[in-house]
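Engineer: Sending over upload.pdb (PDB, C-alpha atoms).
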ATOM      1  CA  MET A   1       0.000   0.000   0.000
ATOM      2  CA  LYS A   2       2.807   2.359   0.881
ATOM      3  CA  LYS A   3       4.511   1.700  -2.430
ATOM      4  CA  GLN A   4       1.273   2.322  -4.286
ATOM      5  CA  LYS A   5       0.730   5.600  -2.433
ATOM      6  CA  GLU A   6       4.326   6.654  -3.094
ATOM      7  CA  GLY A   7       3.900   5.774  -6.751
ATOM      8  CA  LEU A   8       0.710   7.813  -6.975
ATOM      9  CA  THR A   9       2.379  10.745  -5.216
ATOM     10  CA  LEU A  10       5.352  10.664  -7.595
ATOM     11  CA  ALA A  11       3.028  10.402 -10.591
ATOM     12  CA  SER A  12       0.928  13.371  -9.440
ATOM     13  CA  THR A  13       4.086  15.387  -8.709
ATOM     14  CA  SER A  14       5.524  14.690 -12.151
ATOM     15  CA  THR A  15       2.169  15.517 -13.762
ATOM     16  CA  ARG A  16       2.054  18.806 -11.852
ATOM     17  CA  ARG A  17       5.615  19.656 -12.882
ATOM     18  CA  PHE A  18       4.850  18.859 -16.512
ATOM     19  CA  ALA A  19       1.716  21.031 -16.392
ATOM     20  CA  ASN A  20       3.663  23.910 -14.814
ATOM     21  CA  ALA A  21       6.368  23.572 -17.452
ATOM     22  CA  MET A  22       3.760  23.774 -20.218
ATOM     23  CA  VAL A  23       2.027  26.787 -18.681
ATOM     24  CA  SER A  24       5.200  28.690 -17.773
ATOM     25  CA  PRO A  25       5.945  30.158 -21.257
ATOM     26  CA  THR A  26       2.432  31.582 -21.497
ATOM     27  CA  VAL A  27       2.594  33.019 -17.982
ATOM     28  CA  ILE A  28       5.979  34.621 -18.696
ATOM     29  CA  ILE A  29       4.724  36.169 -21.942
ATOM     30  CA  LEU A  30       1.620  37.546 -20.190
ATOM     31  CA  LEU A  31       3.737  39.023 -17.405
ATOM     32  CA  VAL A  32       6.074  40.657 -19.905
ATOM     33  CA  MET A  33       3.210  42.003 -22.036
ATOM     34  CA  THR A  34       0.988  43.234 -19.189
ATOM     35  CA  ALA A  35       2.753  43.551 -15.843
ATOM     36  CA  TYR A  36       5.926  45.133 -17.236
ATOM     37  CA  PRO A  37       4.155  47.998 -19.109
ATOM     38  CA  LEU A  38       1.782  48.565 -16.195
ATOM     39  CA  ILE A  39       4.645  48.896 -13.709
ATOM     40  CA  PHE A  40       6.568  51.323 -15.893
ATOM     41  CA  THR A  41       3.413  53.316 -16.637
ATOM     42  CA  LEU A  42       2.884  53.674 -12.896
ATOM     43  CA  ILE A  43       6.513  54.783 -12.428
ATOM     44  CA  TYR A  44       6.368  57.275 -15.307
ATOM     45  CA  SER A  45       3.157  58.767 -13.921
ATOM     46  CA  PHE A  46       5.180  60.246 -11.042
ATOM     47  CA  THR A  47       7.722  61.874 -13.389
ATOM     48  CA  ASP A  48       7.787  64.603 -16.029
ATOM     49  CA  TYR A  49       9.042  62.132 -18.648
ATOM     50  CA  ASN A  50       9.076  63.774 -22.076
ATOM     51  CA  LEU A  51      10.734  62.515 -25.259
ATOM     52  CA  MET A  52      11.897  66.063 -26.033
ATOM     53  CA  LYS A  53      13.746  66.342 -22.716
ATOM     54  CA  ARG A  54      16.948  64.551 -21.822
ATOM     55  CA  ASN A  55      16.494  64.695 -18.061
ATOM     56  CA  THR A  56      13.525  63.198 -16.258
ATOM     57  CA  SER A  57      12.709  64.343 -12.742
ATOM     58  CA  PHE A  58      10.397  63.029 -10.043
ATOM     59  CA  VAL A  59       7.292  65.215  -9.652
ATOM     60  CA  ALA A  60       5.340  63.089  -7.149
ATOM     61  CA  LEU A  61       1.569  63.657  -7.565
ATOM     62  CA  LYS A  62       1.808  66.760  -9.748
ATOM     63  CA  ASN A  63       0.573  64.943 -12.885
ATOM     64  CA  TYR A  64      -2.464  63.600 -11.027
ATOM     65  CA  ALA A  65      -3.215  67.016  -9.528
ATOM     66  CA  ASP A  66      -2.994  68.648 -12.957
ATOM     67  CA  LEU A  67      -5.257  65.984 -14.448
ATOM     68  CA  LEU A  68      -7.974  66.106 -11.810
ATOM     69  CA  GLY A  69      -7.809  69.892 -11.692
ATOM     70  CA  ASN A  70      -8.393  70.108 -15.451
ATOM     71  CA  ALA A  71     -12.053  70.750 -16.328
ATOM     72  CA  TYR A  72     -11.594  69.184 -19.767
ATOM     73  CA  PHE A  73     -10.301  65.950 -18.235
ATOM     74  CA  ARG A  74     -13.129  65.822 -15.682
ATOM     75  CA  GLN A  75     -15.614  66.258 -18.519
ATOM     76  CA  ALA A  76     -13.840  63.484 -20.450
ATOM     77  CA  ILE A  77     -14.155  61.165 -17.415
ATOM     78  CA  TRP A  78     -17.866  61.887 -17.105
ATOM     79  CA  ASN A  79     -18.435  61.386 -20.832
ATOM     80  CA  THR A  80     -16.518  58.102 -20.825
ATOM     81  CA  VAL A  81     -18.368  56.712 -17.801
ATOM     82  CA  LYS A  82     -21.727  57.778 -19.211
ATOM     83  CA  PHE A  83     -20.878  56.332 -22.629
ATOM     84  CA  THR A  84     -19.751  53.024 -21.118
ATOM     85  CA  VAL A  85     -22.775  52.643 -18.836
ATOM     86  CA  LEU A  86     -25.264  53.407 -21.621
ATOM     87  CA  THR A  87     -23.640  51.272 -24.307
ATOM     88  CA  VAL A  88     -23.099  48.270 -22.029
ATOM     89  CA  ALA A  89     -26.677  48.446 -20.732
ATOM     90  CA  PHE A  90     -28.219  48.666 -24.215
ATOM     91  CA  GLU A  91     -25.887  46.037 -25.678
ATOM     92  CA  MET A  92     -26.603  43.576 -22.872
ATOM     93  CA  VAL A  93     -30.370  43.959 -23.204
ATOM     94  CA  CYS A  94     -30.423  43.880 -27.018
ATOM     95  CA  GLY A  95     -27.908  41.031 -27.242
ATOM     96  CA  PHE A  96     -29.838  38.978 -24.667
ATOM     97  CA  PHE A  97     -33.171  39.261 -26.461
ATOM     98  CA  LEU A  98     -31.558  38.648 -29.857
ATOM     99  CA  ALA A  99     -29.986  35.466 -28.465
ATOM    100  CA  LEU A 100     -33.380  34.339 -27.135
ATOM    101  CA  PHE A 101     -35.047  35.114 -30.460
ATOM    102  CA  VAL A 102     -32.502  33.303 -32.632
ATOM    103  CA  ASN A 103     -32.390  30.348 -30.245
ATOM    104  CA  SER A 104     -36.172  29.994 -30.541
ATOM    105  CA  LEU A 105     -36.141  29.809 -34.345
ATOM    106  CA  LYS A 106     -36.947  26.438 -35.845
ATOM    107  CA  LYS A 107     -35.395  27.291 -39.204
ATOM    108  CA  GLY A 108     -32.827  29.781 -40.439
ATOM    109  CA  GLN A 109     -30.686  30.016 -37.311
ATOM    110  CA  LYS A 110     -27.407  29.848 -39.250
ATOM    111  CA  ALA A 111     -28.454  32.544 -41.714
ATOM    112  CA  MET A 112     -29.708  34.808 -38.933
ATOM    113  CA  ARG A 113     -26.491  34.340 -36.936
ATOM    114  CA  THR A 114     -24.407  35.321 -39.958
ATOM    115  CA  LEU A 115     -26.477  38.446 -40.661
ATOM    116  CA  LEU A 116     -26.386  39.594 -37.043
ATOM    117  CA  LEU A 117     -22.611  39.168 -36.782
ATOM    118  CA  LEU A 118     -21.810  41.299 -39.843
ATOM    119  CA  PRO A 119     -21.638  44.673 -37.984
ATOM    120  CA  TYR A 120     -19.204  43.273 -35.416
ATOM    121  CA  LEU A 121     -16.887  41.955 -38.132
ATOM    122  CA  LEU A 122     -16.362  45.442 -39.570
ATOM    123  CA  PRO A 123     -13.389  47.530 -38.363
ATOM    124  CA  ALA A 124     -14.299  50.461 -36.108
ATOM    125  CA  VAL A 125     -12.865  52.941 -38.640
ATOM    126  CA  THR A 126     -15.025  51.508 -41.427
ATOM    127  CA  VAL A 127     -18.114  51.701 -39.230
ATOM    128  CA  ALA A 128     -17.371  55.320 -38.281
ATOM    129  CA  LEU A 129     -16.830  56.411 -41.874
ATOM    130  CA  SER A 130     -19.980  54.621 -43.078
ATOM    131  CA  TRP A 131     -22.134  56.288 -40.437
ATOM    132  CA  ARG A 132     -20.530  59.655 -41.137
ATOM    133  CA  MET A 133     -21.600  59.327 -44.777
ATOM    134  CA  MET A 134     -25.139  58.232 -43.874
ATOM    135  CA  LEU A 135     -25.578  61.049 -41.352
ATOM    136  CA  SER A 136     -23.900  63.751 -43.414
ATOM    137  CA  PRO A 137     -25.881  67.033 -43.308
ATOM    138  CA  ASN A 138     -25.251  67.589 -47.030
ATOM    139  CA  TYR A 139     -25.676  64.242 -48.792
ATOM    140  CA  GLY A 140     -26.490  61.739 -46.041
ATOM    141  CA  ILE A 141     -29.322  59.326 -46.736
ATOM    142  CA  VAL A 142     -30.833  59.839 -43.267
ATOM    143  CA  ASN A 143     -31.366  63.582 -43.753
ATOM    144  CA  GLN A 144     -32.640  62.992 -47.287
ATOM    145  CA  VAL A 145     -35.294  60.624 -45.951
ATOM    146  CA  LEU A 146     -36.250  63.114 -43.216
ATOM    147  CA  THR A 147     -36.523  65.889 -45.807
ATOM    148  CA  THR A 148     -38.774  63.719 -47.965
ATOM    149  CA  LEU A 149     -41.028  63.113 -44.972
ATOM    150  CA  ASN A 150     -41.059  66.868 -44.148
ATOM    151  CA  LEU A 151     -39.338  66.200 -40.829
ATOM    152  CA  PRO A 152     -36.590  68.390 -39.300
ATOM    153  CA  VAL A 153     -33.012  67.504 -40.223
ATOM    154  CA  TYR A 154     -29.917  67.757 -38.024
ATOM    155  CA  ASN A 155     -26.200  68.172 -38.274
ATOM    156  CA  TRP A 156     -25.932  65.003 -36.230
ATOM    157  CA  PHE A 157     -22.287  65.177 -35.151
ATOM    158  CA  SER A 158     -22.107  68.945 -34.675
ATOM    159  CA  ASP A 159     -25.270  69.415 -32.621
ATOM    160  CA  ILE A 160     -24.687  69.203 -28.870
ATOM    161  CA  HIS A 161     -28.108  67.555 -28.468
ATOM    162  CA  THR A 162     -27.464  64.679 -30.884
ATOM    163  CA  ALA A 163     -23.689  64.066 -31.119
ATOM    164  CA  PHE A 164     -23.326  61.968 -27.967
ATOM    165  CA  GLY A 165     -26.467  59.969 -28.696
ATOM    166  CA  MET A 166     -25.225  59.141 -32.173
ATOM    167  CA  LEU A 167     -21.958  57.771 -30.773
ATOM    168  CA  VAL A 168     -23.910  55.569 -28.357
ATOM    169  CA  LEU A 169     -26.192  54.366 -31.172
ATOM    170  CA  ILE A 170     -23.269  53.505 -33.466
ATOM    171  CA  ASP A 171     -21.413  51.613 -30.757
ATOM    172  CA  VAL A 172     -24.538  49.651 -29.797
ATOM    173  CA  TRP A 173     -25.167  48.802 -33.449
ATOM    174  CA  GLN A 174     -21.641  47.486 -33.909
ATOM    175  CA  ASN A 175     -21.064  45.629 -30.634
ATOM    176  CA  THR A 176     -24.456  44.152 -29.785
ATOM    177  CA  PRO A 177     -23.612  41.130 -32.022
ATOM    178  CA  PHE A 178     -20.672  40.342 -29.723
ATOM    179  CA  VAL A 179     -22.969  40.066 -26.715
ATOM    180  CA  PHE A 180     -25.466  38.126 -28.797
ATOM    181  CA  LEU A 181     -22.818  35.601 -29.840
ATOM    182  CA  LEU A 182     -21.604  34.906 -26.295
ATOM    183  CA  LEU A 183     -25.106  34.601 -24.859
ATOM    184  CA  TYR A 184     -26.340  32.510 -27.784
ATOM    185  CA  ALA A 185     -23.469  30.078 -27.218
ATOM    186  CA  ALA A 186     -24.272  29.988 -23.491
ATOM    187  CA  LEU A 187     -27.931  29.207 -24.224
ATOM    188  CA  GLN A 188     -26.889  25.995 -25.932
ATOM    189  CA  SER A 189     -25.629  24.652 -22.599
ATOM    190  CA  VAL A 190     -28.831  25.331 -20.635
ATOM    191  CA  PRO A 191     -30.374  21.941 -19.742
ATOM    192  CA  GLN A 192     -33.586  21.350 -21.688
ATOM    193  CA  ALA A 193     -34.915  19.366 -18.708
ATOM    194  CA  GLN A 194     -35.237  22.623 -16.753
ATOM    195  CA  TYR A 195     -37.399  24.158 -19.501
ATOM    196  CA  GLU A 196     -39.570  21.050 -19.584
ATOM    197  CA  ALA A 197     -39.979  21.120 -15.819
ATOM    198  CA  ALA A 198     -40.947  24.804 -15.964
ATOM    199  CA  ARG A 199     -43.575  24.091 -18.641
ATOM    200  CA  ILE A 200     -44.978  21.214 -16.591
ATOM    201  CA  ASP A 201     -45.244  23.537 -13.574
ATOM    202  CA  GLY A 202     -47.240  25.987 -15.708
ATOM    203  CA  ALA A 203     -44.591  28.720 -16.025
ATOM    204  CA  ASN A 204     -45.118  31.203 -18.859
ATOM    205  CA  ARG A 205     -42.333  32.518 -21.093
ATOM    206  CA  PHE A 206     -41.501  35.456 -18.841
ATOM    207  CA  GLN A 207     -41.287  33.277 -15.745
ATOM    208  CA  THR A 208     -39.167  30.733 -17.614
ATOM    209  CA  MET A 209     -36.774  33.486 -18.644
ATOM    210  CA  ILE A 210     -36.519  34.872 -15.080
ATOM    211  CA  TYR A 211     -36.210  31.599 -13.175
ATOM    212  CA  VAL A 212     -34.488  29.322 -15.712
ATOM    213  CA  THR A 213     -32.682  31.199 -18.465
ATOM    214  CA  ILE A 214     -31.126  34.107 -16.574
ATOM    215  CA  PRO A 215     -29.806  32.039 -13.619
ATOM    216  CA  ASN A 216     -28.063  29.726 -16.080
ATOM    217  CA  LEU A 217     -26.512  32.683 -17.907
ATOM    218  CA  LYS A 218     -25.164  34.557 -14.868
ATOM    219  CA  ASN A 219     -21.520  33.806 -15.596
ATOM    220  CA  SER A 220     -21.890  34.653 -19.278
ATOM    221  CA  LEU A 221     -23.692  37.898 -18.452
ATOM    222  CA  ALA A 222     -20.902  38.853 -16.050
ATOM    223  CA  LEU A 223     -18.263  38.063 -18.685
ATOM    224  CA  CYS A 224     -20.075  40.129 -21.321
ATOM    225  CA  ALA A 225     -20.420  43.059 -18.931
ATOM    226  CA  LEU A 226     -16.730  42.915 -18.049
ATOM    227  CA  LEU A 227     -15.478  42.709 -21.646
ATOM    228  CA  ARG A 228     -17.811  45.411 -22.931
ATOM    229  CA  THR A 229     -16.967  47.711 -19.998
ATOM    230  CA  ILE A 230     -13.254  47.463 -20.723
ATOM    231  CA  ASP A 231     -13.856  48.017 -24.430
ATOM    232  CA  GLY A 232     -16.214  50.924 -23.767
ATOM    233  CA  PHE A 233     -13.557  52.785 -21.811
ATOM    234  CA  ARG A 234     -11.130  52.351 -24.717
ATOM    235  CA  VAL A 235     -13.392  54.042 -27.270
ATOM    236  CA  PHE A 236     -11.300  56.281 -29.495
ATOM    237  CA  GLU A 237     -11.719  55.741 -33.250
ATOM    238  CA  LYS A 238     -15.391  56.703 -33.432
ATOM    239  CA  VAL A 239     -14.934  59.833 -31.324
ATOM    240  CA  ASN A 240     -11.788  60.927 -33.143
ATOM    241  CA  LEU A 241     -13.266  60.452 -36.619
ATOM    242  CA  LEU A 242     -16.844  61.610 -36.056
ATOM    243  CA  THR A 243     -16.781  64.417 -33.503
ATOM    244  CA  GLY A 244     -13.189  65.067 -32.414
ATOM    245  CA  GLY A 245     -14.509  65.477 -28.873
ATOM    246  CA  GLY A 246     -16.935  68.229 -29.808
ATOM    247  CA  PRO A 247     -19.202  70.026 -29.846
ATOM    248  CA  ALA A 248     -18.198  71.890 -26.679
ATOM    249  CA  ASN A 249     -16.371  68.815 -25.308
ATOM    250  CA  SER A 250     -19.689  66.951 -25.074
ATOM    251  CA  THR A 251     -18.187  63.796 -26.609
ATOM    252  CA  ALA A 252     -14.592  64.053 -25.336
ATOM    253  CA  THR A 253     -13.289  60.788 -23.844
ATOM    254  CA  ILE A 254     -10.330  59.840 -21.666
ATOM    255  CA  THR A 255      -8.472  58.110 -24.486
ATOM    256  CA  GLN A 256      -8.860  61.088 -26.784
ATOM    257  CA  TYR A 257      -7.692  63.450 -24.065
ATOM    258  CA  LEU A 258      -4.610  61.312 -23.423
ATOM    259  CA  TYR A 259      -3.906  61.134 -27.144
ATOM    260  CA  ASN A 260      -4.112  64.913 -27.586
ATOM    261  CA  PHE A 261      -2.317  66.025 -24.426
ATOM    262  CA  GLY A 262      -0.079  63.045 -23.703
ATOM    263  CA  ILE A 263       0.923  61.206 -26.869
ATOM    264  CA  LYS A 264       0.867  64.006 -29.463
ATOM    265  CA  SER A 265       2.666  66.421 -27.152
ATOM    266  CA  LEU A 266       5.173  63.670 -26.133
ATOM    267  CA  LYS A 267       4.362  64.238 -22.429
ATOM    268  CA  PHE A 268       4.452  60.579 -21.528
ATOM    269  CA  GLY A 269       4.591  61.197 -17.785
ATOM    270  CA  PHE A 270       1.367  63.190 -17.934
ATOM    271  CA  GLY A 271      -0.214  60.619 -20.239
ATOM    272  CA  SER A 272       0.820  57.768 -17.943
ATOM    273  CA  ALA A 273      -0.989  59.399 -15.023
ATOM    274  CA  GLY A 274      -4.140  59.584 -17.132
ATOM    275  CA  ALA A 275      -3.770  55.925 -18.086
ATOM    276  CA  ILE A 276      -3.540  54.931 -14.416
ATOM    277  CA  VAL A 277      -6.670  56.941 -13.605
ATOM    278  CA  MET A 278      -8.513  55.240 -16.465
ATOM    279  CA  THR A 279      -7.372  51.798 -15.268
ATOM    280  CA  ILE A 280      -8.712  52.463 -11.772
ATOM    281  CA  LEU A 281     -12.053  53.619 -13.171
ATOM    282  CA  VAL A 282     -12.296  50.515 -15.376
ATOM    283  CA  LEU A 283     -11.676  48.247 -12.392
ATOM    284  CA  ILE A 284     -14.304  50.024 -10.282
ATOM    285  CA  LEU A 285     -16.967  50.026 -12.990
ATOM    286  CA  ALA A 286     -16.233  46.476 -14.122
ATOM    287  CA  SER A 287     -16.492  45.122 -10.582
ATOM    288  CA  ALA A 288     -19.823  46.925 -10.138
ATOM    289  CA  TYR A 289     -21.209  45.347 -13.314
ATOM    290  CA  ILE A 290     -20.026  41.878 -12.347
ATOM    291  CA  LYS A 291     -21.475  42.185  -8.838
ATOM    292  CA  ARG A 292     -24.844  43.251 -10.248
ATOM    293  CA  ALA A 293     -24.821  40.468 -12.845
ATOM    294  CA  ILE A 294     -24.053  37.802 -10.261
ATOM    295  CA  GLN A 295     -26.741  38.936  -7.787
TER     296      GLN A 295
END
Please rewrite the model in this file as structure tokens.
Structural biologist:
Amino acid sequence: MKKQKEGLTLASTSTRRFANAMVSPTVIILLVMTAYPLIFTLIYSFTDYNLMKRNTSFVALKNYADLLGNAYFRQAIWNTVKFTVLTVAFEMVCGFFLALFVNSLKKGQKAMRTLLLLPYLLPAVTVALSWRMMLSPNYGIVNQVLTTLNLPVYNWFSDIHTAFGMLVLIDVWQNTPFVFLLLYAALQSVPQAQYEAARIDGANRFQTMIYVTIPNLKNSLALCALLRTIDGFRVFEKVNLLTGGGPANSTATITQYLYNFGIKSLKFGFGSAGAIVMTILVLILASAYIKRAIQ
């Protein structure tokens, strides 16, 4: 018995060592690609590091004080948080109901999946340019249709009342298919026996969705919320191409602010401080979404 136990212990130890050896290259690469830049970004955020200057000095919290004391940056934070909350909320709701709808189809599921995924497959720059053409005040098809119907037309990306809403709409249109795909895949793993039991107990569709579908999708909902929150905070291409942060800073975002005042001006210390602030906000908002999705 002792020999058998020793043999099993040696076998498990060798298996564990082999597994660690296989995982080690990936772990090292991830540490180099994520931990190393994050550490140096944190270090640079306490300096006045600039590519145009030879000497770099320690400035403590000056970069953070300048950032948080800047009205433009505070507006960019508010816009980014508002944009992320709205887009994630709409994308989660729309993606969830699209997944339920496609999953309920008896025929044409493959064709419907392909059509719904097309917007997500397009690059963000292509999407931005296409919507800019459609919403152009001069030759855009949307304003032409409104004119034909004798309805008021707008300069969609230059009007302070419509610019932000258009960015939210475009992002929801492009990224809802991502949420749909993850939730549709998760629906395939929901046990059919639970649906049958709910029908036998007399549950209607709404009750089945609340007490069967959603509890089985909690982890997938949390994952979608996390991924879309991180991606929402990184929004840059659409804002830069469509509004440039205007009008009156109503669509300015953190990434665009860092690009204009950190990267373009070569003030990497200042930009690093902004990146750290954005990282903290992402962690706070992402944890809030996950906590709500799990409850």
Engineer: Quick one, how far is atom CA of A:Thr126 from atom CA of A:Tyr154?
Structural biologist: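 A separation of 22.3 Å between them.
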Engineer: Give as a ChimeraX atom specification every residue, naming chains and numbers as the document does, that has an atom within 12 Å of (-27.5, 57.6, -32.8), counting all atoms listed in the file.
Structural biologist: /A:87,128,131-132,134-135,142,154-157,161-174,242
Engineer: So, with only C-alpha atoms as the atoms that count, which of A:Tyr257, A:Leu149, A:Ile160, A:Ala193 lies closest to A:Ala273?
Structural biologist: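 Closest candidate: A:Tyr257.
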Engineer: Take atom CA of A:Ala186 and atom CA of A:Thr114 and report the distance between them in Å, one decimal.
Structural biologist: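 Going from atom CA of A:Ala186 over to atom CA of A:Thr114, I get 17.3 Å.
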Engineer: Measure the distance from atom CA of A:Phe58 to atom CA of A:Leu31 in Å and round it to one decimal.
Structural biologist: 26.0 Å
Engineer: Can you spell out as number ranges by chain the set of residues that the PyMOL selection byres ((chain A and resi 230-236) around 7) selects in the structure I just provided?
Structural biologist: A: 80, 84, 226-229, 237-240, 255-256, 282
Engineer: Go ahead and save the picked residues with C-alpha atoms, as a short mmCIF file (atom, residue, chain, number, x, y, z; two decimals), keeping the file's coordinate frame.
Structural biologist:
data_model
loop_
_atom_site.label_atom_id
_atom_site.label_comp_id
_atom_site.auth_asym_id
_atom_site.auth_seq_id
_atom_site.Cartn_x
_atom_site.Cartn_y
_atom_site.Cartn_z
CA THR A 80 -16.52 58.10 -20.82
CA THR A 84 -19.75 53.02 -21.12
CA LEU A 226 -16.73 42.92 -18.05
CA LEU A 227 -15.48 42.71 -21.65
CA ARG A 228 -17.81 45.41 -22.93
CA THR A 229 -16.97 47.71 -20.00
CA GLU A 237 -11.72 55.74 -33.25
CA LYS A 238 -15.39 56.70 -33.43
CA VAL A 239 -14.93 59.83 -31.32
CA ASN A 240 -11.79 60.93 -33.14
CA THR A 255 -8.47 58.11 -24.49
CA GLN A 256 -8.86 61.09 -26.78
CA VAL A 282 -12.30 50.52 -15.38
#
Engineer: Within 8 Å of A:Val153, counting only C-alpha atoms, which residues qualify if same-chain residues fewer than 2 places away don't, as a short mmCIF file (atom, residue, chain, number, x, y, z; two decimals) with C-alpha atoms, keeping the file's coordinate frame?
Structural biologist:
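That gives us around-v8.cif:
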data_model
loop_
_atom_site.label_atom_id
_atom_site.label_comp_id
_atom_site.auth_asym_id
_atom_site.auth_seq_id
_atom_site.Cartn_x
_atom_site.Cartn_y
_atom_site.Cartn_z
CA PRO A 137 -25.88 67.03 -43.31
CA ASN A 143 -31.37 63.58 -43.75
CA LEU A 146 -36.25 63.11 -43.22
CA THR A 147 -36.52 65.89 -45.81
CA LEU A 151 -39.34 66.20 -40.83
CA ASN A 155 -26.20 68.17 -38.27
#
Engineer: Selection in question (the file shown): the PyMOL selection byres ((chain A and resi 92) around 12). Which residues does it include, as an NGL selection string?
Structural biologist: :A and (84-91 or 93-99 or 172-173 or 175-183 or 217 or 220-229 or 289 or 293)
Engineer: My list of candidates is A:Phe270, A:Trp78, A:Phe73, A:Phe83. Which is closest to A:Tyr49 when distances are computed with only C-alpha atoms?
Structural biologist: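 For A:Tyr49, the nearest of the candidates is A:Phe270.
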Engineer: Which residue gives the smallest distance to A:Leu61 among A:Ser45, A:Ala21, A:Asn249, A:Ala76, with all atoms listed in the file counted?
Structural biologist: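 Counting all atoms listed in the file, the residue closest to A:Leu61 is A:Ser45.
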Engineer: Using the chain letters and numbers from the file, give me the residues hit by the PyMOL selection byres ((chain A and resi 215) around 12), as a list of chain:residue names.
Structural biologist: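 When the PyMOL selection byres ((chain A and resi 215) around 12) is applied to the shown file, the picked residues are A:Ala186, A:Leu187, A:Val190, A:Pro191, A:Gln194, A:Gln207, A:Thr208, A:Met209, A:Ile210, A:Tyr211, A:Val212, A:Thr213, A:Ile214, A:Asn216, A:Leu217, A:Lys218, A:Asn219, A:Ser220, A:Leu221, A:Ala222, A:Ala293, A:Ile294, A:Gln295.
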Engineer: If we count all atoms listed in the file and set the cut-off at 7 Å, which residues sit around A:Asp48, ignoring sequence neighbours fewer than 2 positions away in its own chain? Please answer as a compact mmCIF listing (two decimals) with C-alpha atoms, in the frame of the given file.
Structural biologist:
# COMPACT_ATOMS: atom_id res chain seq x y z
CA ASN A 50 9.08 63.77 -22.08
CA THR A 56 13.52 63.20 -16.26
CA SER A 57 12.71 64.34 -12.74
CA PHE A 58 10.40 63.03 -10.04
CA VAL A 59 7.29 65.22 -9.65
CA GLY A 269 4.59 61.20 -17.78
CA PHE A 270 1.37 63.19 -17.93
Engineer: Using only C-alpha atoms - which residues lie no farther than 10 Å from the point (-4.6, 61.6, -18.5) in the file's frame? Write them as a CSV table (one decimal) with C-alpha atoms, in the coordinates of the input.
Structural biologist:
chain,number,residue,atom,x,y,z
A,45,SER,CA,3.2,58.8,-13.9
A,63,ASN,CA,0.6,64.9,-12.9
A,64,TYR,CA,-2.5,63.6,-11.0
A,66,ASP,CA,-3.0,68.6,-13.0
A,67,LEU,CA,-5.3,66.0,-14.4
A,68,LEU,CA,-8.0,66.1,-11.8
A,70,ASN,CA,-8.4,70.1,-15.5
A,73,PHE,CA,-10.3,66.0,-18.2
A,74,ARG,CA,-13.1,65.8,-15.7
A,76,ALA,CA,-13.8,63.5,-20.4
A,77,ILE,CA,-14.2,61.2,-17.4
A,254,ILE,CA,-10.3,59.8,-21.7
A,255,THR,CA,-8.5,58.1,-24.5
A,256,GLN,CA,-8.9,61.1,-26.8
A,257,TYR,CA,-7.7,63.4,-24.1
A,258,LEU,CA,-4.6,61.3,-23.4
A,259,TYR,CA,-3.9,61.1,-27.1
A,260,ASN,CA,-4.1,64.9,-27.6
A,261,PHE,CA,-2.3,66.0,-24.4
A,262,GLY,CA,-0.1,63.0,-23.7
A,268,PHE,CA,4.5,60.6,-21.5
A,269,GLY,CA,4.6,61.2,-17.8
A,270,PHE,CA,1.4,63.2,-17.9
A,271,GLY,CA,-0.2,60.6,-20.2
A,272,SER,CA,0.8,57.8,-17.9
A,273,ALA,CA,-1.0,59.4,-15.0
A,274,GLY,CA,-4.1,59.6,-17.1
A,275,ALA,CA,-3.8,55.9,-18.1
A,276,ILE,CA,-3.5,54.9,-14.4
A,277,VAL,CA,-6.7,56.9,-13.6
A,278,MET,CA,-8.5,55.2,-16.5
